[in-house]
file query_29.pdb (PDB, C-alpha atoms, pLDDT in the B column)
ATOM      1  CA  MET X 237     -48.061 -13.607 -27.335  1.00 90.00           C
ATOM      2  CA  SER X 238     -44.496 -14.875 -27.257  1.00 95.00           C
ATOM      3  CA  PRO X 239     -42.581 -16.200 -30.281  1.00 95.00           C
ATOM      4  CA  ASP X 240     -42.683 -19.708 -28.751  1.00 96.00           C
ATOM      5  CA  GLU X 241     -46.479 -19.505 -28.375  1.00 96.00           C
ATOM      6  CA  ARG X 242     -46.837 -18.456 -32.034  1.00 97.00           C
ATOM      7  CA  LYS X 243     -44.549 -21.317 -33.115  1.00 97.00           C
ATOM      8  CA  GLU X 244     -46.678 -23.793 -31.146  1.00 94.00           C
ATOM      9  CA  ILE X 245     -49.869 -22.530 -32.824  1.00 94.00           C
ATOM     10  CA  VAL X 246     -48.255 -23.029 -36.243  1.00 95.00           C
ATOM     11  CA  ARG X 247     -47.228 -26.570 -35.261  1.00 93.00           C
ATOM     12  CA  ARG X 248     -50.861 -27.253 -34.295  1.00 91.00           C
ATOM     13  CA  MET X 249     -52.007 -25.820 -37.643  1.00 91.00           C
ATOM     14  CA  ILE X 250     -49.585 -28.010 -39.606  1.00 90.00           C
ATOM     15  CA  ALA X 251     -50.684 -31.047 -37.569  1.00 86.00           C
ATOM     16  CA  MET X 252     -54.233 -30.478 -38.881  1.00 84.00           C
ATOM     17  CA  TRP X 253     -53.012 -31.986 -42.181  1.00 80.00           C
ATOM     18  CA  THR X 254     -52.503 -35.331 -40.471  1.00 76.00           C
ATOM     19  CA  THR X 255     -54.985 -37.921 -39.327  1.00 64.00           C
ATOM     20  CA  GLY X 256     -55.786 -38.097 -35.658  1.00 65.00           C
ATOM     21  CA  THR X 257     -55.402 -34.432 -34.731  1.00 68.00           C
ATOM     22  CA  SER X 258     -57.994 -32.758 -32.530  1.00 70.00           C
ATOM     23  CA  ALA X 259     -57.075 -29.188 -33.564  1.00 75.00           C
ATOM     24  CA  LYS X 260     -59.952 -27.150 -34.992  1.00 83.00           C
ATOM     25  CA  PRO X 261     -59.326 -24.486 -37.668  1.00 88.00           C
ATOM     26  CA  ALA X 262     -61.574 -21.972 -35.879  1.00 90.00           C
ATOM     27  CA  ASP X 263     -59.319 -22.200 -32.799  1.00 90.00           C
ATOM     28  CA  ILE X 264     -56.159 -21.452 -34.765  1.00 94.00           C
ATOM     29  CA  LEU X 265     -57.111 -19.528 -37.918  1.00 96.00           C
ATOM     30  CA  ALA X 266     -58.627 -16.046 -38.022  1.00 97.00           C
ATOM     31  CA  GLU X 267     -62.120 -15.737 -39.479  1.00 95.00           C
ATOM     32  CA  THR X 268     -60.619 -13.726 -42.364  1.00 97.00           C
ATOM     33  CA  TYR X 269     -57.761 -16.240 -42.885  1.00 97.00           C
ATOM     34  CA  ARG X 270     -56.066 -16.384 -46.300  1.00 97.00           C
ATOM     35  CA  ASN X 271     -53.812 -19.217 -47.488  1.00 96.00           C
ATOM     36  CA  HIS X 272     -51.587 -18.586 -50.529  1.00 96.00           C
ATOM     37  CA  GLN X 273     -50.775 -22.007 -52.079  1.00 90.00           C
ATOM     38  CA  ALA X 274     -47.798 -21.997 -54.454  1.00 88.00           C
ATOM     39  CA  PRO X 275     -48.026 -24.103 -56.400  1.00 86.00           C
ATOM     40  CA  SER X 276     -51.626 -25.151 -56.184  1.00 83.00           C
ATOM     41  CA  LEU X 277     -52.657 -28.567 -57.464  1.00 79.00           C
ATOM     42  CA  GLU X 278     -54.520 -26.794 -60.276  1.00 80.00           C
ATOM     43  CA  GLY X 279     -51.367 -24.868 -61.229  1.00 79.00           C
ATOM     44  CA  GLY X 280     -50.215 -21.370 -60.405  1.00 83.00           C
ATOM     45  CA  THR X 281     -50.943 -19.783 -57.055  1.00 87.00           C
ATOM     46  CA  LYS X 282     -54.293 -20.216 -55.374  1.00 91.00           C
ATOM     47  CA  ILE X 283     -55.664 -18.221 -52.460  1.00 94.00           C
ATOM     48  CA  LEU X 284     -57.918 -20.127 -50.081  1.00 94.00           C
ATOM     49  CA  ASP X 285     -60.124 -18.690 -47.368  1.00 95.00           C
ATOM     50  CA  ARG X 286     -60.588 -20.612 -44.109  1.00 95.00           C
ATOM     51  CA  ALA X 287     -63.438 -22.736 -45.522  1.00 94.00           C
ATOM     52  CA  GLY X 288     -61.410 -23.551 -48.662  1.00 93.00           C
ATOM     53  CA  PHE X 289     -58.437 -24.517 -46.515  1.00 91.00           C
ATOM     54  CA  GLU X 290     -60.655 -26.818 -44.427  1.00 90.00           C
ATOM     55  CA  GLN X 291     -61.932 -28.480 -47.633  1.00 90.00           C
ATOM     56  CA  LEU X 292     -58.365 -29.041 -48.851  1.00 88.00           C
ATOM     57  CA  MET X 293     -57.405 -30.583 -45.508  1.00 86.00           C
ATOM     58  CA  ALA X 294     -60.462 -32.857 -45.603  1.00 86.00           C
ATOM     59  CA  SER X 295     -59.542 -34.097 -49.092  1.00 88.00           C
ATOM     60  CA  ILE X 296     -55.969 -34.846 -47.979  1.00 88.00           C
ATOM     61  CA  LYS X 297     -57.171 -36.698 -44.867  1.00 87.00           C
ATOM     62  CA  ALA X 298     -59.669 -38.709 -46.935  1.00 89.00           C
ATOM     63  CA  ALA X 299     -56.971 -39.842 -49.380  1.00 92.00           C
ATOM     64  CA  PHE X 300     -53.953 -40.316 -47.103  1.00 91.00           C
ATOM     65  CA  THR X 301     -53.555 -42.284 -43.888  1.00 86.00           C
ATOM     66  CA  ALA X 302     -50.722 -43.087 -41.523  1.00 74.00           C
ATOM     67  CA  SER X 303     -49.574 -39.525 -41.972  1.00 82.00           C
ATOM     68  CA  ASP X 304     -46.809 -37.893 -39.999  1.00 87.00           C
ATOM     69  CA  VAL X 305     -45.484 -34.338 -39.952  1.00 90.00           C
ATOM     70  CA  LYS X 306     -41.943 -33.500 -38.939  1.00 93.00           C
ATOM     71  CA  ILE X 307     -40.933 -29.897 -38.234  1.00 95.00           C
ATOM     72  CA  MET X 308     -37.452 -29.464 -39.686  1.00 97.00           C
ATOM     73  CA  ALA X 309     -36.879 -25.839 -38.633  1.00 98.00           C
ATOM     74  CA  GLN X 310     -38.915 -22.962 -37.299  1.00 98.00           C
ATOM     75  CA  VAL X 311     -38.121 -19.272 -36.748  1.00 98.00           C
ATOM     76  CA  ALA X 312     -40.330 -16.545 -35.285  1.00 98.00           C
ATOM     77  CA  GLU X 313     -39.843 -12.799 -35.529  1.00 96.00           C
ATOM     78  CA  GLY X 314     -42.427 -10.102 -34.920  1.00 95.00           C
ATOM     79  CA  ASP X 315     -45.838 -11.333 -36.076  1.00 97.00           C
ATOM     80  CA  LEU X 316     -44.322 -13.915 -38.484  1.00 98.00           C
ATOM     81  CA  VAL X 317     -43.371 -17.583 -38.086  1.00 98.00           C
ATOM     82  CA  ALA X 318     -41.426 -19.433 -40.797  1.00 98.00           C
ATOM     83  CA  THR X 319     -41.566 -23.235 -40.771  1.00 98.00           C
ATOM     84  CA  HIS X 320     -39.846 -25.925 -42.858  1.00 98.00           C
ATOM     85  CA  TRP X 321     -41.778 -29.209 -42.628  1.00 96.00           C
ATOM     86  CA  GLN X 322     -41.871 -32.745 -44.025  1.00 95.00           C
ATOM     87  CA  VAL X 323     -44.994 -34.896 -44.417  1.00 92.00           C
ATOM     88  CA  THR X 324     -45.012 -38.667 -44.882  1.00 93.00           C
ATOM     89  CA  ALA X 325     -48.324 -40.390 -45.663  1.00 93.00           C
ATOM     90  CA  THR X 326     -49.776 -43.429 -47.405  1.00 94.00           C
ATOM     91  CA  GLN X 327     -52.284 -42.928 -50.222  1.00 95.00           C
ATOM     92  CA  THR X 328     -55.285 -45.120 -49.408  1.00 95.00           C
ATOM     93  CA  GLY X 329     -58.004 -43.123 -51.162  1.00 95.00           C
ATOM     94  CA  GLU X 330     -58.528 -41.344 -54.470  1.00 94.00           C
ATOM     95  CA  PHE X 331     -56.847 -37.962 -54.752  1.00 91.00           C
ATOM     96  CA  ILE X 332     -57.131 -35.481 -57.639  1.00 88.00           C
ATOM     97  CA  GLY X 333     -58.180 -38.310 -59.929  1.00 90.00           C
ATOM     98  CA  ILE X 334     -55.344 -40.616 -58.862  1.00 91.00           C
ATOM     99  CA  ALA X 335     -56.667 -44.000 -57.736  1.00 94.00           C
ATOM    100  CA  PRO X 336     -55.347 -45.284 -54.392  1.00 95.00           C
ATOM    101  CA  THR X 337     -51.773 -46.480 -54.885  1.00 93.00           C
ATOM    102  CA  GLY X 338     -50.954 -47.742 -51.397  1.00 94.00           C
ATOM    103  CA  LYS X 339     -47.658 -45.883 -51.792  1.00 93.00           C
ATOM    104  CA  GLN X 340     -46.017 -44.087 -48.945  1.00 94.00           C
ATOM    105  CA  VAL X 341     -45.018 -40.627 -50.112  1.00 93.00           C
ATOM    106  CA  THR X 342     -42.917 -37.927 -48.509  1.00 93.00           C
ATOM    107  CA  TRP X 343     -42.940 -34.265 -49.447  1.00 92.00           C
ATOM    108  CA  THR X 344     -41.529 -31.081 -47.978  1.00 95.00           C
ATOM    109  CA  GLY X 345     -42.578 -27.485 -47.830  1.00 95.00           C
ATOM    110  CA  MET X 346     -41.980 -24.147 -46.237  1.00 97.00           C
ATOM    111  CA  GLN X 347     -44.521 -21.679 -45.006  1.00 97.00           C
ATOM    112  CA  ILE X 348     -44.657 -18.252 -43.460  1.00 98.00           C
ATOM    113  CA  ASP X 349     -47.578 -17.509 -41.164  1.00 98.00           C
ATOM    114  CA  ARG X 350     -48.652 -14.008 -40.118  1.00 98.00           C
ATOM    115  CA  PHE X 351     -50.462 -13.536 -36.821  1.00 98.00           C
ATOM    116  CA  ASP X 352     -53.144 -11.037 -35.905  1.00 97.00           C
ATOM    117  CA  GLY X 353     -55.080 -11.087 -32.642  1.00 94.00           C
ATOM    118  CA  GLY X 354     -53.534 -14.355 -31.447  1.00 95.00           C
ATOM    119  CA  LYS X 355     -54.548 -16.349 -34.524  1.00 97.00           C
ATOM    120  CA  ILE X 356     -52.991 -17.078 -37.896  1.00 98.00           C
ATOM    121  CA  ALA X 357     -54.345 -14.487 -40.312  1.00 98.00           C
ATOM    122  CA  GLU X 358     -52.379 -15.394 -43.431  1.00 98.00           C
ATOM    123  CA  THR X 359     -50.133 -18.198 -44.723  1.00 97.00           C
ATOM    124  CA  TRP X 360     -47.764 -18.239 -47.681  1.00 97.00           C
ATOM    125  CA  ILE X 361     -46.821 -21.814 -48.525  1.00 95.00           C
ATOM    126  CA  ASN X 362     -44.434 -23.275 -51.068  1.00 95.00           C
ATOM    127  CA  TRP X 363     -44.171 -27.053 -51.323  1.00 93.00           C
ATOM    128  CA  ASP X 364     -42.623 -29.765 -53.489  1.00 93.00           C
ATOM    129  CA  MET X 365     -45.632 -30.592 -55.658  1.00 90.00           C
ATOM    130  CA  TYR X 366     -43.475 -32.309 -58.304  1.00 90.00           C
ATOM    131  CA  GLY X 367     -41.851 -34.633 -55.750  1.00 90.00           C
ATOM    132  CA  PHE X 368     -45.280 -35.419 -54.320  1.00 90.00           C
ATOM    133  CA  LEU X 369     -46.810 -36.253 -57.723  1.00 91.00           C
ATOM    134  CA  TYR X 370     -43.703 -38.206 -58.791  1.00 91.00           C
ATOM    135  CA  ALA X 371     -43.867 -40.334 -55.639  1.00 90.00           C
ATOM    136  CA  LEU X 372     -47.493 -41.148 -56.446  1.00 90.00           C
ATOM    137  CA  GLY X 373     -46.535 -42.124 -60.002  1.00 89.00           C
ATOM    138  CA  ALA X 374     -48.647 -39.319 -61.491  1.00 87.00           C
ATOM    139  CA  VAL X 375     -45.689 -37.752 -63.355  1.00 86.00           C
ATOM    140  CA  GLY X 376     -42.465 -39.188 -64.754  1.00 84.00           C
ATOM    141  CA  LYS X 377     -38.853 -38.142 -64.376  1.00 79.00           C
ATOM    142  CA  PRO X 378     -38.002 -34.788 -65.951  1.00 71.00           C
TER     143      PRO X 378
END
call {"tool": "encode", "arguments": {"input": "query_29.pdb", "output": "structure tokens"}}
result
Amino acid sequence: MSPDERKEIVRRMIAMWTTGTSAKPADILAETYRNHQAPSLEGGTKILDRAGFEQLMASIKAAFTASDVKIMAQVAEGDLVATHWQVTATQTGEFIGIAPTGKQVTWTGMQIDRFDGGKIAETWINWDMYGFLYALGAVGKP
């Protein structure tokens, strides 16, 4: 598998966060997939298996519409792909106890994906949780 093919698979995986994608986790993520979320919404780092990742995606899609993902930069080397992304979405449903705000929010993140057997086997993700929660009005200015 070429670096460009791995980068395309990661773009399809990131697009799964948005509404309207037809990508299926089983087509992209290894059965033994692990996702290291830092920070997690509960605090600290959380490790999700493929089913846990699918549940997180479902909760995001249920609470946010009109979502868009922009790939800012992407680099592939060996079995790794690093991606810097930006998501913009409108909160139309309840999320982590926050009632629908109707606000459009934008947040950024970076992730490194490791491939094994043509699928993503592991993801390390770091994202701007504070900026996300601030945009929703869930936290104030520091």
call {"tool": "atom_distance", "arguments": {"input": "query_29.pdb", "atom1": "CA of Trp321 (chain X)", "atom2": "CA of Ala335 (chain X)"}}
result
25.9 Å
call {"tool": "atom_distance", "arguments": {"input": "query_29.pdb", "atom1": "CA of Ser303 (chain X)", "atom2": "CA of Arg286 (chain X)"}}
result
22.0 Å
call {"tool": "atom_distance", "arguments": {"input": "query_29.pdb", "atom1": "CA of Val323 (chain X)", "atom2": "CA of Thr254 (chain X)"}}
result
8.5 Å
call {"tool": "closest_atom_pairs", "arguments": {"input": "query_29.pdb", "of": "region 255-326 of chain X", "to": "region 372-376 of chain X", "cutoff": "12 Å", "atoms": "all atoms listed in the file", "output": "Markdown table"}}
result
| residue | atom | partner | partner_atom | distance |
| --- | --- | --- | --- | --- |
| X:Ala299 | CA | X:Leu372 | CA | 11.9 |
| X:Phe300 | CA | X:Leu372 | CA | 11.4 |
| X:Ala325 | CA | X:Leu372 | CA | 10.8 |
| X:Thr326 | CA | X:Leu372 | CA | 9.6 |
call {"tool": "closest_atom_pairs", "arguments": {"input": "query_29.pdb", "of": "region 303-354 of chain X", "to": "region 260-283 of chain X", "cutoff": "9 Å", "atoms": "all atoms listed in the file", "output": "Markdown table"}}
result
| residue | atom | partner | partner_atom | distance |
| --- | --- | --- | --- | --- |
| X:Ile332 | CA | X:Leu277 | CA | 8.2 |
| X:Phe351 | CA | X:Ala266 | CA | 8.6 |
| X:Asp352 | CA | X:Ala266 | CA | 7.7 |
| X:Gly353 | CA | X:Ala266 | CA | 8.1 |
| X:Gly354 | CA | X:Ile264 | CA | 8.3 |
call {"tool": "residues_around", "arguments": {"input": "query_29.pdb", "residues": "Ala302 (chain X)", "least_positions_apart": "2", "cutoff": "12 Å", "atoms": "only C-alpha atoms", "output": "PyMOL selection string"}}
result
chain X and resi 253-257+296-300+304-305+323-328+338-342
call {"tool": "write_last_selection", "arguments": {"input": "query_29.pdb", "atoms": "C-alpha atoms", "output": "short mmCIF file (atom, residue, chain, number, x, y, z; two decimals), keeping the file's coordinate frame"}}
result
data_model
loop_
_atom_site.label_atom_id
_atom_site.label_comp_id
_atom_site.auth_asym_id
_atom_site.auth_seq_id
_atom_site.Cartn_x
_atom_site.Cartn_y
_atom_site.Cartn_z
CA TRP X 253 -53.01 -31.99 -42.18
CA THR X 254 -52.50 -35.33 -40.47
CA THR X 255 -54.98 -37.92 -39.33
CA GLY X 256 -55.79 -38.10 -35.66
CA THR X 257 -55.40 -34.43 -34.73
CA ILE X 296 -55.97 -34.85 -47.98
CA LYS X 297 -57.17 -36.70 -44.87
CA ALA X 298 -59.67 -38.71 -46.94
CA ALA X 299 -56.97 -39.84 -49.38
CA PHE X 300 -53.95 -40.32 -47.10
CA ASP X 304 -46.81 -37.89 -40.00
CA VAL X 305 -45.48 -34.34 -39.95
CA VAL X 323 -44.99 -34.90 -44.42
CA THR X 324 -45.01 -38.67 -44.88
CA ALA X 325 -48.32 -40.39 -45.66
CA THR X 326 -49.78 -43.43 -47.40
CA GLN X 327 -52.28 -42.93 -50.22
CA THR X 328 -55.28 -45.12 -49.41
CA GLY X 338 -50.95 -47.74 -51.40
CA LYS X 339 -47.66 -45.88 -51.79
CA GLN X 340 -46.02 -44.09 -48.94
CA VAL X 341 -45.02 -40.63 -50.11
CA THR X 342 -42.92 -37.93 -48.51
#
call {"tool": "resolve_selection", "arguments": {"input": "query_29.pdb", "expression": "the PyMOL selection byres ((chain X and resi 317) around 6)", "output": "list in words"}}
result
Val311, Ala312, Leu316, Ala318, Ile348 and Asp349 of chain X
call {"tool": "closest_residue", "arguments": {"input": "query_29.pdb", "among": "X:Ile245, X:Met252, X:Ile356, X:Met365", "to": "Glu290 (chain X)", "atoms": "all atoms listed in the file"}}
result
X:Met252
call {"tool": "closest_residue", "arguments": {"input": "query_29.pdb", "among": "X:Ala294, X:Leu284, X:Met237, X:Ile250", "to": "Gly345 (chain X)", "atoms": "all atoms listed in the file"}}
result
X:Ile250
call {"tool": "closest_residue", "arguments": {"input": "query_29.pdb", "among": "X:Arg350, X:Lys377, X:Ala287, X:Thr301", "to": "Asp315 (chain X)", "atoms": "all atoms listed in the file"}}
result
X:Arg350
call {"tool": "closest_residue", "arguments": {"input": "query_29.pdb", "among": "X:Gln291, X:Arg242, X:Ala309, X:Asp285", "to": "Glu358 (chain X)", "atoms": "all atoms listed in the file"}}
result
X:Asp285
